Amino acid sequence: MIRDDPFAGGVAPRLRRLDRELAAAIADAQCRDWTADRPDRVGFARLGQVRHDLGTAAARYRTAPTGSDRTTILAVLLAGLLVGLPLLLLTPDPARPLPLAAIAVACVWAAYLLRAGLRRLRIRRARGAPDRSAPIDDPFLYARARRTIESCAASARADRTYRRRGAATDLEYALDWLAAAQEELPRVR
Amino acid sequence: MPPVRALPAEIGAVRALIADGFDEVIRESDDLDQFWIRSACGRLAAADAELAGLPGRFSPLLPVLTTTVVTALVVAGSAALARVTGGGLLTALVVAGLLLIMALHIAGVLRRRGTAPALPPPPDMPGPGLTEVPSALERARVRLVSAGLRRAGRANWRAPALRRTLTADPVLARLARADLLLCQAIDCLERYLDDLSKDWP
């Protein structure tokens, strides 16, 4: 689901959503630079600066950093359902400490194995996937990021907490880096 | 055909190049508090710390072992607690789940807390000058990227597969972060040199 309303939700969830989007764009641009598909070592570095400043601003809101990725959550759920539940149902009197600990350890190892398997499967599937256009070239990415950062800075400036008003400064740095990433200032050579 | 070099040797060479560039910046720049110079030094130190903390061959097993031991202890303890207090299986599971979430959260916070990198003392030998530093750092970056691509494997050299590999492999994720910081340092230095080359009125 794509939500492009920059005023939806509080400041922290907006920042987290933008952070996730920027992280995807940076990783994609970095891969394209590594494979010389779209050689540009400046654009993704500057977007990385934007993300760094956004992280500083989000830290003033005391939000948790980005949580576990989707593969980990899926692997843990699958391990609980496929290994933990049958073992709990099949073991006689599973509430004793030692059997319960053994079941938990089995669940943990199953989760690790499932995560490794799922990752390998996703890499294998991505090998044959068609290549789409790079999100770093998308002008709407910059427009969306700018509107989100500006609205977050407006909310931060109006906040009554001193610590959160400081986030507006970090967001202004982020805006500077965003403009630099989009406009590509002239450099040496 | 040149022999394929191991990842630690390659990373050592990259770190030596980064350290040379760092020394050069500290020696040649007249004012270390200038914004671009300070930013570049911070990025270089962070990239070096990122490369220094690269996990070894067997250290991926370490978090698995830690998680196993912590899980076993916490679950056994909460089951014993539930038995003492007279609760059933459900009580034990709920208590164990809450304690596990807490323990894993604390472990994540402890792992994420990094150490601040320190600046090396300025050396006294003359070097090639500040204008040569970006190209030297770019050479370091080329070695870093080729080491990363070799680790990713030839089958994953297209952008969608490489993106997935970067998020899946912790060593590659670290290499990618170091590469990002290195690019930021080069960008900062180039902007500084660009500002110097213009003759402001």
# chains A, B, ... in the order shown; residues from 1 in each chain; ligands from 1

call {"tool": "select_by_dssp", "arguments": {"residues": "chain B", "states": "alpha helix (DSSP H)", "output": "short mmCIF file (atom, residue, chain, number, x, y, z; two decimals) with N, CA and C atoms, in the first residue's frame"}}
result
data_model
loop_
_atom_site.label_atom_id
_atom_site.label_comp_id
_atom_site.auth_asym_id
_atom_site.auth_seq_id
_atom_site.Cartn_x
_atom_site.Cartn_y
_atom_site.Cartn_z
N LEU B 7 39.05 -12.34 1.45
CA LEU B 7 38.37 -11.12 1.86
C LEU B 7 39.14 -10.36 2.95
N PRO B 8 39.69 -11.01 3.99
CA PRO B 8 40.40 -10.22 5.01
C PRO B 8 41.60 -9.47 4.45
N ALA B 9 42.35 -10.08 3.52
CA ALA B 9 43.51 -9.39 2.95
C ALA B 9 43.05 -8.16 2.17
N GLU B 10 41.99 -8.36 1.39
CA GLU B 10 41.46 -7.25 0.60
C GLU B 10 40.98 -6.10 1.50
N ILE B 11 40.29 -6.46 2.58
CA ILE B 11 39.78 -5.45 3.52
C ILE B 11 40.95 -4.74 4.20
N GLY B 12 42.02 -5.49 4.50
CA GLY B 12 43.20 -4.86 5.09
C GLY B 12 43.81 -3.83 4.16
N ALA B 13 43.88 -4.16 2.86
CA ALA B 13 44.42 -3.20 1.89
C ALA B 13 43.54 -1.96 1.82
N VAL B 14 42.22 -2.16 1.81
CA VAL B 14 41.30 -1.02 1.75
C VAL B 14 41.46 -0.14 2.98
N ARG B 15 41.62 -0.78 4.14
CA ARG B 15 41.77 0.01 5.37
C ARG B 15 43.08 0.79 5.36
N ALA B 16 44.14 0.20 4.79
CA ALA B 16 45.41 0.92 4.71
C ALA B 16 45.26 2.15 3.82
N LEU B 17 44.57 1.99 2.69
CA LEU B 17 44.36 3.14 1.79
C LEU B 17 43.56 4.23 2.50
N ILE B 18 42.52 3.81 3.23
CA ILE B 18 41.70 4.79 3.94
C ILE B 18 42.53 5.52 4.99
N ALA B 19 43.38 4.78 5.70
CA ALA B 19 44.21 5.40 6.74
C ALA B 19 45.18 6.40 6.12
N ASP B 20 45.75 6.05 4.94
CA ASP B 20 46.64 6.99 4.25
C ASP B 20 45.91 8.28 3.90
N GLY B 21 44.70 8.14 3.33
CA GLY B 21 43.93 9.33 2.98
C GLY B 21 43.60 10.17 4.20
N PHE B 22 43.29 9.49 5.28
CA PHE B 22 42.94 10.17 6.53
C PHE B 22 44.14 10.99 7.04
N ASP B 23 45.32 10.34 7.06
CA ASP B 23 46.53 11.05 7.49
C ASP B 23 46.77 12.28 6.63
N GLU B 24 46.59 12.09 5.31
CA GLU B 24 46.84 13.19 4.39
C GLU B 24 45.91 14.37 4.67
N VAL B 25 44.62 14.05 4.90
CA VAL B 25 43.66 15.12 5.19
C VAL B 25 44.05 15.86 6.45
N ILE B 26 44.43 15.12 7.49
CA ILE B 26 44.75 15.76 8.77
C ILE B 26 46.02 16.59 8.64
N ARG B 27 46.98 16.13 7.81
CA ARG B 27 48.23 16.87 7.68
C ARG B 27 48.06 18.13 6.84
N GLU B 28 47.31 18.03 5.77
CA GLU B 28 47.30 19.12 4.79
C GLU B 28 46.28 20.20 5.08
N PHE B 35 33.70 22.84 8.03
CA PHE B 35 32.57 21.91 8.01
C PHE B 35 32.84 20.69 7.15
N TRP B 36 33.31 20.90 5.91
CA TRP B 36 33.49 19.76 5.01
C TRP B 36 34.59 18.84 5.50
N ILE B 37 35.69 19.44 6.02
CA ILE B 37 36.79 18.61 6.50
C ILE B 37 36.36 17.78 7.69
N ARG B 38 35.61 18.42 8.59
CA ARG B 38 35.15 17.69 9.78
C ARG B 38 34.23 16.55 9.36
N SER B 39 33.30 16.85 8.42
CA SER B 39 32.39 15.81 7.96
C SER B 39 33.15 14.67 7.32
N ALA B 40 34.13 15.01 6.46
CA ALA B 40 34.88 13.95 5.77
C ALA B 40 35.63 13.09 6.77
N CYS B 41 36.26 13.73 7.80
CA CYS B 41 36.99 12.95 8.79
C CYS B 41 36.05 12.03 9.55
N GLY B 42 34.88 12.55 9.90
CA GLY B 42 33.93 11.70 10.62
C GLY B 42 33.49 10.51 9.79
N ARG B 43 33.21 10.75 8.48
CA ARG B 43 32.78 9.63 7.62
C ARG B 43 33.88 8.61 7.45
N LEU B 44 35.13 9.11 7.27
CA LEU B 44 36.25 8.17 7.08
C LEU B 44 36.45 7.31 8.31
N ALA B 45 36.36 7.95 9.50
CA ALA B 45 36.55 7.18 10.73
C ALA B 45 35.43 6.15 10.88
N ALA B 46 34.21 6.56 10.51
CA ALA B 46 33.08 5.62 10.64
C ALA B 46 33.23 4.46 9.66
N ALA B 47 33.70 4.76 8.43
CA ALA B 47 33.88 3.68 7.46
C ALA B 47 34.95 2.71 7.93
N ASP B 48 36.04 3.27 8.51
CA ASP B 48 37.11 2.40 9.00
C ASP B 48 36.61 1.54 10.15
N ALA B 49 35.80 2.13 11.04
CA ALA B 49 35.27 1.34 12.15
C ALA B 49 34.34 0.24 11.63
N GLU B 50 33.58 0.58 10.59
CA GLU B 50 32.66 -0.40 10.01
C GLU B 50 33.44 -1.58 9.43
N LEU B 51 34.57 -1.27 8.76
CA LEU B 51 35.37 -2.35 8.18
C LEU B 51 36.10 -3.13 9.27
N ALA B 52 36.50 -2.43 10.35
CA ALA B 52 37.23 -3.12 11.41
C ALA B 52 36.33 -4.11 12.14
N LEU B 61 28.02 -17.75 14.02
CA LEU B 61 27.44 -18.73 14.93
C LEU B 61 27.22 -18.15 16.32
N LEU B 62 27.94 -17.06 16.62
CA LEU B 62 27.87 -16.52 17.98
C LEU B 62 26.47 -16.05 18.38
N PRO B 63 25.79 -15.21 17.55
CA PRO B 63 24.43 -14.82 17.94
C PRO B 63 23.49 -16.01 18.06
N VAL B 64 23.67 -17.04 17.22
CA VAL B 64 22.80 -18.22 17.31
C VAL B 64 22.97 -18.88 18.67
N LEU B 65 24.25 -19.05 19.08
CA LEU B 65 24.51 -19.69 20.38
C LEU B 65 23.95 -18.85 21.52
N THR B 66 24.18 -17.52 21.44
CA THR B 66 23.68 -16.64 22.50
C THR B 66 22.17 -16.74 22.62
N THR B 67 21.48 -16.65 21.46
CA THR B 67 20.02 -16.72 21.48
C THR B 67 19.55 -18.05 22.05
N THR B 68 20.24 -19.14 21.68
CA THR B 68 19.84 -20.45 22.18
C THR B 68 19.95 -20.53 23.70
N VAL B 69 21.11 -20.10 24.21
CA VAL B 69 21.33 -20.19 25.66
C VAL B 69 20.34 -19.32 26.41
N VAL B 70 20.16 -18.07 25.94
CA VAL B 70 19.24 -17.15 26.63
C VAL B 70 17.82 -17.70 26.60
N THR B 71 17.40 -18.23 25.43
CA THR B 71 16.05 -18.77 25.33
C THR B 71 15.85 -19.94 26.28
N ALA B 72 16.82 -20.86 26.30
CA ALA B 72 16.68 -22.03 27.17
C ALA B 72 16.58 -21.60 28.63
N LEU B 73 17.46 -20.69 29.05
CA LEU B 73 17.45 -20.25 30.46
C LEU B 73 16.14 -19.57 30.81
N VAL B 74 15.71 -18.63 29.93
CA VAL B 74 14.50 -17.86 30.24
C VAL B 74 13.28 -18.77 30.29
N VAL B 75 13.16 -19.68 29.32
CA VAL B 75 11.98 -20.54 29.26
C VAL B 75 11.95 -21.50 30.44
N ALA B 76 13.11 -22.09 30.76
CA ALA B 76 13.15 -23.02 31.90
C ALA B 76 12.82 -22.29 33.20
N GLY B 77 13.36 -21.09 33.35
CA GLY B 77 13.09 -20.32 34.56
C GLY B 77 11.63 -19.96 34.69
N SER B 78 11.01 -19.52 33.58
CA SER B 78 9.60 -19.13 33.69
C SER B 78 8.70 -20.35 33.90
N ALA B 79 9.10 -21.51 33.32
CA ALA B 79 8.30 -22.72 33.56
C ALA B 79 8.39 -23.12 35.03
N ALA B 80 9.59 -23.02 35.60
CA ALA B 80 9.74 -23.34 37.03
C ALA B 80 8.93 -22.37 37.88
N LEU B 81 8.95 -21.08 37.47
CA LEU B 81 8.19 -20.07 38.21
C LEU B 81 6.69 -20.37 38.16
N ALA B 82 6.21 -20.73 36.95
CA ALA B 82 4.79 -21.05 36.82
C ALA B 82 4.43 -22.28 37.64
N ARG B 83 5.34 -23.26 37.71
CA ARG B 83 5.07 -24.47 38.50
C ARG B 83 4.99 -24.12 39.98
N VAL B 84 5.90 -23.22 40.44
CA VAL B 84 5.90 -22.85 41.85
C VAL B 84 4.63 -22.10 42.22
N THR B 85 4.25 -21.15 41.32
CA THR B 85 3.07 -20.35 41.65
C THR B 85 1.78 -21.09 41.37
N LEU B 89 0.39 -24.37 31.76
CA LEU B 89 1.25 -24.16 30.58
C LEU B 89 1.10 -22.75 30.04
N LEU B 90 -0.14 -22.24 30.07
CA LEU B 90 -0.40 -20.93 29.48
C LEU B 90 0.37 -19.84 30.22
N THR B 91 0.36 -19.91 31.56
CA THR B 91 1.11 -18.93 32.35
C THR B 91 2.59 -18.97 32.00
N ALA B 92 3.12 -20.20 31.91
CA ALA B 92 4.55 -20.34 31.60
C ALA B 92 4.86 -19.73 30.24
N LEU B 93 3.98 -19.99 29.25
CA LEU B 93 4.24 -19.48 27.90
C LEU B 93 4.18 -17.95 27.89
N VAL B 94 3.18 -17.37 28.59
CA VAL B 94 3.03 -15.91 28.57
C VAL B 94 4.23 -15.25 29.25
N VAL B 95 4.61 -15.78 30.41
CA VAL B 95 5.75 -15.20 31.14
C VAL B 95 7.02 -15.32 30.30
N ALA B 96 7.21 -16.51 29.69
CA ALA B 96 8.42 -16.72 28.89
C ALA B 96 8.45 -15.78 27.69
N GLY B 97 7.28 -15.59 27.04
CA GLY B 97 7.23 -14.70 25.89
C GLY B 97 7.59 -13.28 26.27
N LEU B 98 7.00 -12.78 27.38
CA LEU B 98 7.30 -11.41 27.79
C LEU B 98 8.78 -11.25 28.13
N LEU B 99 9.32 -12.21 28.90
CA LEU B 99 10.73 -12.11 29.28
C LEU B 99 11.65 -12.18 28.06
N LEU B 100 11.28 -13.05 27.09
CA LEU B 100 12.12 -13.18 25.90
C LEU B 100 12.15 -11.91 25.08
N ILE B 101 10.95 -11.30 24.92
CA ILE B 101 10.90 -10.04 24.16
C ILE B 101 11.77 -8.99 24.83
N MET B 102 11.68 -8.93 26.18
CA MET B 102 12.50 -7.95 26.89
C MET B 102 13.99 -8.23 26.71
N ALA B 103 14.38 -9.51 26.88
CA ALA B 103 15.80 -9.86 26.79
C ALA B 103 16.35 -9.59 25.39
N LEU B 104 15.56 -9.93 24.34
CA LEU B 104 16.06 -9.70 22.98
C LEU B 104 16.15 -8.22 22.67
N HIS B 105 15.19 -7.43 23.21
CA HIS B 105 15.24 -5.98 23.00
C HIS B 105 16.50 -5.40 23.63
N ILE B 106 16.79 -5.83 24.88
CA ILE B 106 17.98 -5.31 25.57
C ILE B 106 19.24 -5.71 24.80
N ALA B 107 19.26 -6.97 24.30
CA ALA B 107 20.43 -7.43 23.55
C ALA B 107 20.61 -6.59 22.29
N GLY B 108 19.48 -6.26 21.60
CA GLY B 108 19.57 -5.44 20.39
C GLY B 108 20.11 -4.06 20.69
N VAL B 109 19.64 -3.46 21.80
CA VAL B 109 20.11 -2.12 22.17
C VAL B 109 21.61 -2.16 22.48
N LEU B 110 22.05 -3.21 23.22
CA LEU B 110 23.46 -3.33 23.56
C LEU B 110 24.32 -3.51 22.32
N ARG B 111 23.79 -4.28 21.34
CA ARG B 111 24.58 -4.55 20.15
C ARG B 111 24.69 -3.31 19.28
N ARG B 112 23.60 -2.49 19.29
CA ARG B 112 23.60 -1.34 18.41
C ARG B 112 24.45 -0.20 18.95
N VAL B 133 43.81 13.19 -2.54
CA VAL B 133 43.12 12.29 -1.61
C VAL B 133 41.84 11.69 -2.21
N PRO B 134 40.98 12.49 -2.89
CA PRO B 134 39.77 11.85 -3.42
C PRO B 134 40.04 10.71 -4.39
N SER B 135 41.06 10.85 -5.24
CA SER B 135 41.31 9.76 -6.18
C SER B 135 41.87 8.53 -5.46
N ALA B 136 42.69 8.77 -4.40
CA ALA B 136 43.19 7.63 -3.62
C ALA B 136 42.03 6.91 -2.93
N LEU B 137 41.11 7.71 -2.39
CA LEU B 137 39.96 7.09 -1.73
C LEU B 137 39.08 6.36 -2.74
N GLU B 138 39.04 6.89 -3.95
CA GLU B 138 38.25 6.21 -4.98
C GLU B 138 38.87 4.87 -5.34
N ARG B 139 40.21 4.82 -5.36
CA ARG B 139 40.86 3.52 -5.59
C ARG B 139 40.51 2.54 -4.48
N ALA B 140 40.51 3.05 -3.23
CA ALA B 140 40.12 2.18 -2.11
C ALA B 140 38.70 1.67 -2.31
N ARG B 141 37.85 2.56 -2.85
CA ARG B 141 36.45 2.18 -3.05
C ARG B 141 36.33 1.09 -4.12
N VAL B 142 37.14 1.23 -5.17
CA VAL B 142 37.09 0.22 -6.23
C VAL B 142 37.45 -1.16 -5.68
N ARG B 143 38.48 -1.21 -4.83
CA ARG B 143 38.85 -2.50 -4.25
C ARG B 143 37.74 -3.04 -3.36
N LEU B 144 37.13 -2.11 -2.58
CA LEU B 144 36.06 -2.53 -1.68
C LEU B 144 34.89 -3.12 -2.47
N VAL B 145 34.52 -2.41 -3.55
CA VAL B 145 33.37 -2.86 -4.33
C VAL B 145 33.67 -4.19 -5.01
N SER B 146 34.91 -4.35 -5.51
CA SER B 146 35.18 -5.62 -6.18
C SER B 146 35.21 -6.76 -5.18
N ALA B 147 35.70 -6.48 -3.95
CA ALA B 147 35.65 -7.53 -2.92
C ALA B 147 34.19 -7.91 -2.62
N GLY B 148 33.33 -6.88 -2.53
CA GLY B 148 31.92 -7.15 -2.25
C GLY B 148 31.26 -7.94 -3.36
N LEU B 149 31.56 -7.58 -4.61
CA LEU B 149 30.95 -8.29 -5.74
C LEU B 149 31.43 -9.74 -5.78
N ARG B 150 32.73 -9.94 -5.45
CA ARG B 150 33.25 -11.31 -5.45
C ARG B 150 32.54 -12.12 -4.38
N ARG B 151 32.28 -11.49 -3.24
CA ARG B 151 31.60 -12.22 -2.18
C ARG B 151 30.15 -12.54 -2.56
N ALA B 152 29.52 -11.60 -3.29
CA ALA B 152 28.12 -11.83 -3.64
C ALA B 152 27.97 -12.99 -4.63
N ALA B 159 20.93 -6.16 -10.71
CA ALA B 159 20.52 -5.29 -9.60
C ALA B 159 19.47 -5.90 -8.66
N PRO B 160 18.39 -6.55 -9.13
CA PRO B 160 17.39 -7.06 -8.16
C PRO B 160 17.97 -8.12 -7.23
N ALA B 161 18.75 -9.06 -7.80
CA ALA B 161 19.32 -10.12 -6.95
C ALA B 161 20.37 -9.55 -6.01
N LEU B 162 21.16 -8.59 -6.49
CA LEU B 162 22.20 -8.02 -5.65
C LEU B 162 21.59 -7.27 -4.46
N ARG B 163 20.46 -6.61 -4.72
CA ARG B 163 19.80 -5.89 -3.63
C ARG B 163 19.37 -6.86 -2.53
N ARG B 164 18.78 -7.97 -2.94
CA ARG B 164 18.37 -8.98 -1.95
C ARG B 164 19.58 -9.54 -1.21
N THR B 165 20.68 -9.78 -1.94
CA THR B 165 21.87 -10.34 -1.31
C THR B 165 22.44 -9.36 -0.29
N LEU B 166 22.40 -8.07 -0.61
CA LEU B 166 22.95 -7.07 0.30
C LEU B 166 22.18 -7.07 1.62
N THR B 167 20.87 -7.26 1.56
CA THR B 167 20.12 -7.25 2.82
C THR B 167 20.23 -8.59 3.54
N ALA B 168 20.53 -9.67 2.82
CA ALA B 168 20.51 -10.99 3.46
C ALA B 168 21.83 -11.33 4.13
N PRO B 170 25.05 -10.48 6.29
CA PRO B 170 25.53 -9.42 7.19
C PRO B 170 26.88 -8.86 6.80
N VAL B 171 27.77 -9.70 6.25
CA VAL B 171 29.09 -9.19 5.84
C VAL B 171 28.93 -8.20 4.69
N LEU B 172 28.11 -8.58 3.71
CA LEU B 172 27.89 -7.68 2.57
C LEU B 172 27.18 -6.41 3.01
N ALA B 173 26.27 -6.51 3.98
CA ALA B 173 25.58 -5.31 4.46
C ALA B 173 26.59 -4.35 5.08
N ARG B 174 27.56 -4.91 5.81
CA ARG B 174 28.59 -4.07 6.41
C ARG B 174 29.45 -3.42 5.33
N LEU B 175 29.82 -4.20 4.31
CA LEU B 175 30.62 -3.65 3.21
C LEU B 175 29.86 -2.52 2.52
N ALA B 176 28.55 -2.70 2.34
CA ALA B 176 27.76 -1.67 1.67
C ALA B 176 27.70 -0.41 2.51
N ARG B 177 27.56 -0.58 3.84
CA ARG B 177 27.54 0.62 4.70
C ARG B 177 28.87 1.34 4.63
N ALA B 178 29.97 0.59 4.68
CA ALA B 178 31.30 1.22 4.61
C ALA B 178 31.47 1.94 3.28
N ASP B 179 30.96 1.33 2.20
CA ASP B 179 31.06 1.96 0.88
C ASP B 179 30.27 3.25 0.84
N LEU B 180 29.08 3.25 1.47
CA LEU B 180 28.26 4.47 1.51
C LEU B 180 29.00 5.58 2.25
N LEU B 181 29.61 5.25 3.40
CA LEU B 181 30.33 6.26 4.18
C LEU B 181 31.53 6.78 3.40
N LEU B 182 32.22 5.87 2.70
CA LEU B 182 33.38 6.27 1.91
C LEU B 182 32.96 7.23 0.80
N CYS B 183 31.85 6.94 0.14
CA CYS B 183 31.36 7.83 -0.92
C CYS B 183 31.00 9.19 -0.35
N GLN B 184 30.41 9.21 0.86
CA GLN B 184 30.07 10.49 1.47
C GLN B 184 31.34 11.29 1.78
N ALA B 185 32.39 10.60 2.26
CA ALA B 185 33.64 11.29 2.57
C ALA B 185 34.25 11.89 1.30
N ILE B 186 34.25 11.09 0.20
CA ILE B 186 34.80 11.60 -1.06
C ILE B 186 34.00 12.81 -1.53
N ASP B 187 32.67 12.72 -1.38
CA ASP B 187 31.82 13.83 -1.81
C ASP B 187 32.13 15.09 -1.00
N CYS B 188 32.28 14.94 0.33
CA CYS B 188 32.59 16.09 1.18
C CYS B 188 33.92 16.72 0.77
N LEU B 189 34.95 15.87 0.56
CA LEU B 189 36.26 16.40 0.18
C LEU B 189 36.20 17.11 -1.16
N GLU B 190 35.44 16.54 -2.11
CA GLU B 190 35.38 17.18 -3.42
C GLU B 190 34.66 18.51 -3.35
N ARG B 191 33.66 18.59 -2.50
CA ARG B 191 32.98 19.88 -2.37
C ARG B 191 33.90 20.90 -1.71
N TYR B 192 34.72 20.45 -0.76
CA TYR B 192 35.67 21.36 -0.12
C TYR B 192 36.67 21.87 -1.14
N LEU B 193 37.23 20.97 -1.95
CA LEU B 193 38.22 21.38 -2.96
C LEU B 193 37.58 22.29 -4.00
N ASP B 194 36.31 22.00 -4.30
CA ASP B 194 35.59 22.84 -5.25
C ASP B 194 35.44 24.26 -4.71
N ASP B 195 35.10 24.36 -3.42
CA ASP B 195 34.99 25.68 -2.80
C ASP B 195 36.34 26.40 -2.82
N LEU B 196 37.43 25.64 -2.60
CA LEU B 196 38.76 26.26 -2.59
C LEU B 196 39.14 26.77 -3.97
N SER B 197 38.76 25.99 -5.02
CA SER B 197 39.22 26.35 -6.36
C SER B 197 38.52 27.58 -6.89
#

call {"tool": "closest_atom_pairs", "arguments": {"of": "chain A", "to": "chain B", "cutoff": "6 Å", "atoms": "only C-alpha atoms", "output": "Markdown table"}}
result
| residue | atom | partner | partner_atom | distance |
| --- | --- | --- | --- | --- |
| A:Cys31 | CA | B:Ala159 | CA | 5.6 |
| A:Arg32 | CA | B:Ala159 | CA | 5.7 |
| A:Ala45 | CA | B:Gln184 | CA | 5.2 |
| A:Ala95 | CA | B:Leu89 | CA | 4.9 |
| A:Pro97 | CA | B:Ala76 | CA | 4.5 |
| A:Ala101 | CA | B:Ala72 | CA | 4.8 |
| A:Val105 | CA | B:Thr68 | CA | 5.8 |
| A:Ile123 | CA | B:Ala161 | CA | 5.5 |
| A:Ala126 | CA | B:Ala161 | CA | 4.8 |
| A:Arg127 | CA | B:Ala161 | CA | 5.0 |
| A:Arg187 | CA | B:Asp194 | CA | 5.8 |
| A:Val188 | CA | B:Asp194 | CA | 5.4 |

call {"tool": "write_last_selection", "arguments": {"atoms": "all heavy atoms", "output": "compact mmCIF listing (two decimals), in the first residue's frame"}}
result
# COMPACT_ATOMS: atom_id res chain seq x y z
N CYS A 31 23.32 -0.71 -5.54
CA CYS A 31 23.50 -1.93 -6.34
C CYS A 31 23.76 -1.58 -7.79
O CYS A 31 24.61 -2.19 -8.45
CB CYS A 31 22.26 -2.80 -6.24
SG CYS A 31 22.09 -3.55 -4.66
N ARG A 32 23.01 -0.60 -8.30
CA ARG A 32 23.22 -0.22 -9.70
C ARG A 32 24.59 0.40 -9.91
O ARG A 32 25.18 0.28 -10.98
CB ARG A 32 22.12 0.75 -10.14
CG ARG A 32 20.82 0.04 -10.38
CD ARG A 32 19.70 1.01 -10.58
NE ARG A 32 18.45 0.34 -10.33
CZ ARG A 32 17.81 -0.39 -11.23
NH1 ARG A 32 18.33 -0.52 -12.42
NH2 ARG A 32 16.69 -0.99 -10.92
N ALA A 45 25.05 8.60 -2.13
CA ALA A 45 25.73 9.05 -0.92
C ALA A 45 24.98 10.23 -0.29
O ALA A 45 24.80 10.30 0.92
CB ALA A 45 27.16 9.46 -1.26
N ALA A 95 4.49 -28.65 30.45
CA ALA A 95 4.73 -27.49 31.31
C ALA A 95 5.94 -27.69 32.22
O ALA A 95 6.31 -26.77 32.92
CB ALA A 95 3.49 -27.20 32.16
N PRO A 97 9.81 -27.70 33.24
CA PRO A 97 10.82 -26.74 32.73
C PRO A 97 11.68 -27.30 31.61
O PRO A 97 11.88 -26.65 30.58
CB PRO A 97 11.66 -26.44 33.97
CG PRO A 97 10.78 -26.75 35.11
CD PRO A 97 9.87 -27.85 34.70
N ALA A 101 11.88 -25.91 27.74
CA ALA A 101 13.11 -25.26 27.24
C ALA A 101 13.57 -25.94 25.96
O ALA A 101 14.00 -25.26 25.01
CB ALA A 101 14.19 -25.33 28.31
N VAL A 105 14.09 -24.12 22.32
CA VAL A 105 15.34 -24.14 21.56
C VAL A 105 15.12 -24.70 20.16
O VAL A 105 15.66 -24.17 19.16
CB VAL A 105 16.40 -24.96 22.33
CG1 VAL A 105 17.59 -25.25 21.44
CG2 VAL A 105 16.86 -24.19 23.55
N ILE A 123 16.47 -14.68 -2.99
CA ILE A 123 17.57 -14.32 -3.89
C ILE A 123 17.44 -15.09 -5.19
O ILE A 123 17.59 -14.54 -6.29
CB ILE A 123 18.92 -14.61 -3.22
CG1 ILE A 123 19.14 -13.66 -2.04
CG2 ILE A 123 20.05 -14.46 -4.20
CD1 ILE A 123 20.36 -14.00 -1.23
N ALA A 126 14.82 -13.60 -7.26
CA ALA A 126 15.14 -12.27 -7.79
C ALA A 126 16.10 -12.35 -8.97
O ALA A 126 16.24 -11.39 -9.71
CB ALA A 126 15.74 -11.40 -6.69
N ARG A 127 16.80 -13.51 -9.11
CA ARG A 127 17.76 -13.61 -10.22
C ARG A 127 17.07 -13.51 -11.56
O ARG A 127 17.61 -12.94 -12.50
CB ARG A 127 18.49 -14.95 -10.13
CG ARG A 127 19.68 -14.88 -9.24
CD ARG A 127 20.37 -16.20 -9.18
NE ARG A 127 21.20 -16.28 -7.99
CZ ARG A 127 21.66 -17.40 -7.49
NH1 ARG A 127 21.36 -18.54 -8.06
NH2 ARG A 127 22.41 -17.39 -6.42
N ARG A 187 31.17 19.81 -9.39
CA ARG A 187 32.27 19.34 -8.56
C ARG A 187 33.58 19.47 -9.31
O ARG A 187 33.61 19.84 -10.48
CB ARG A 187 32.04 17.89 -8.17
CG ARG A 187 31.01 17.72 -7.11
CD ARG A 187 30.67 16.27 -6.91
NE ARG A 187 29.98 15.72 -8.04
CZ ARG A 187 30.45 14.75 -8.78
NH1 ARG A 187 31.60 14.23 -8.51
NH2 ARG A 187 29.78 14.28 -9.79
N VAL A 188 34.65 19.14 -8.60
CA VAL A 188 35.97 19.16 -9.22
C VAL A 188 36.01 18.10 -10.33
O VAL A 188 35.49 17.01 -10.16
CB VAL A 188 37.04 18.88 -8.16
CG1 VAL A 188 38.41 18.85 -8.79
CG2 VAL A 188 36.98 19.91 -7.07

call {"tool": "atom_distance", "arguments": {"atom1": "atom CA of Thr148 of chain A", "atom2": "atom CA of Arg16 of chain A"}}
result
10.9 Å

call {"tool": "closest_residue", "arguments": {"among": "A:Ala59, A:Leu118, A:Ala143, A:Leu47", "to": "Leu22 of chain A", "atoms": "only C-alpha atoms"}}
result
A:Leu47

call {"tool": "closest_residue", "arguments": {"among": "A:Ala111, A:Ala104, A:Leu89, A:Ala29", "to": "Gly48 of chain A", "atoms": "only C-alpha atoms"}}
result
A:Ala29

call {"tool": "atom_distance", "arguments": {"atom1": "atom CA of Ala75 of chain A", "atom2": "atom CA of Leu114 of chain A"}}
result
5.4 Å

call {"tool": "closest_residue", "arguments": {"among": "A:Ala145, A:Ile136, A:Leu78, A:Gly166", "to": "Asp33 of chain A", "atoms": "only C-alpha atoms"}}
result
A:Ile136

call {"tool": "atom_distance", "arguments": {"atom1": "atom CA of Ala58 of chain A", "atom2": "atom CA of Glu21 of chain A"}}
result
15.0 Å

call {"tool": "residues_around", "arguments": {"residues": "Asp170 of chain A", "least_positions_apart": "4", "cutoff": "8 Å", "atoms": "only C-alpha atoms", "output": "list in words"}}
result
Asp53, Leu54, Thr56, Ala57, Gly166 and Ala174 of chain A
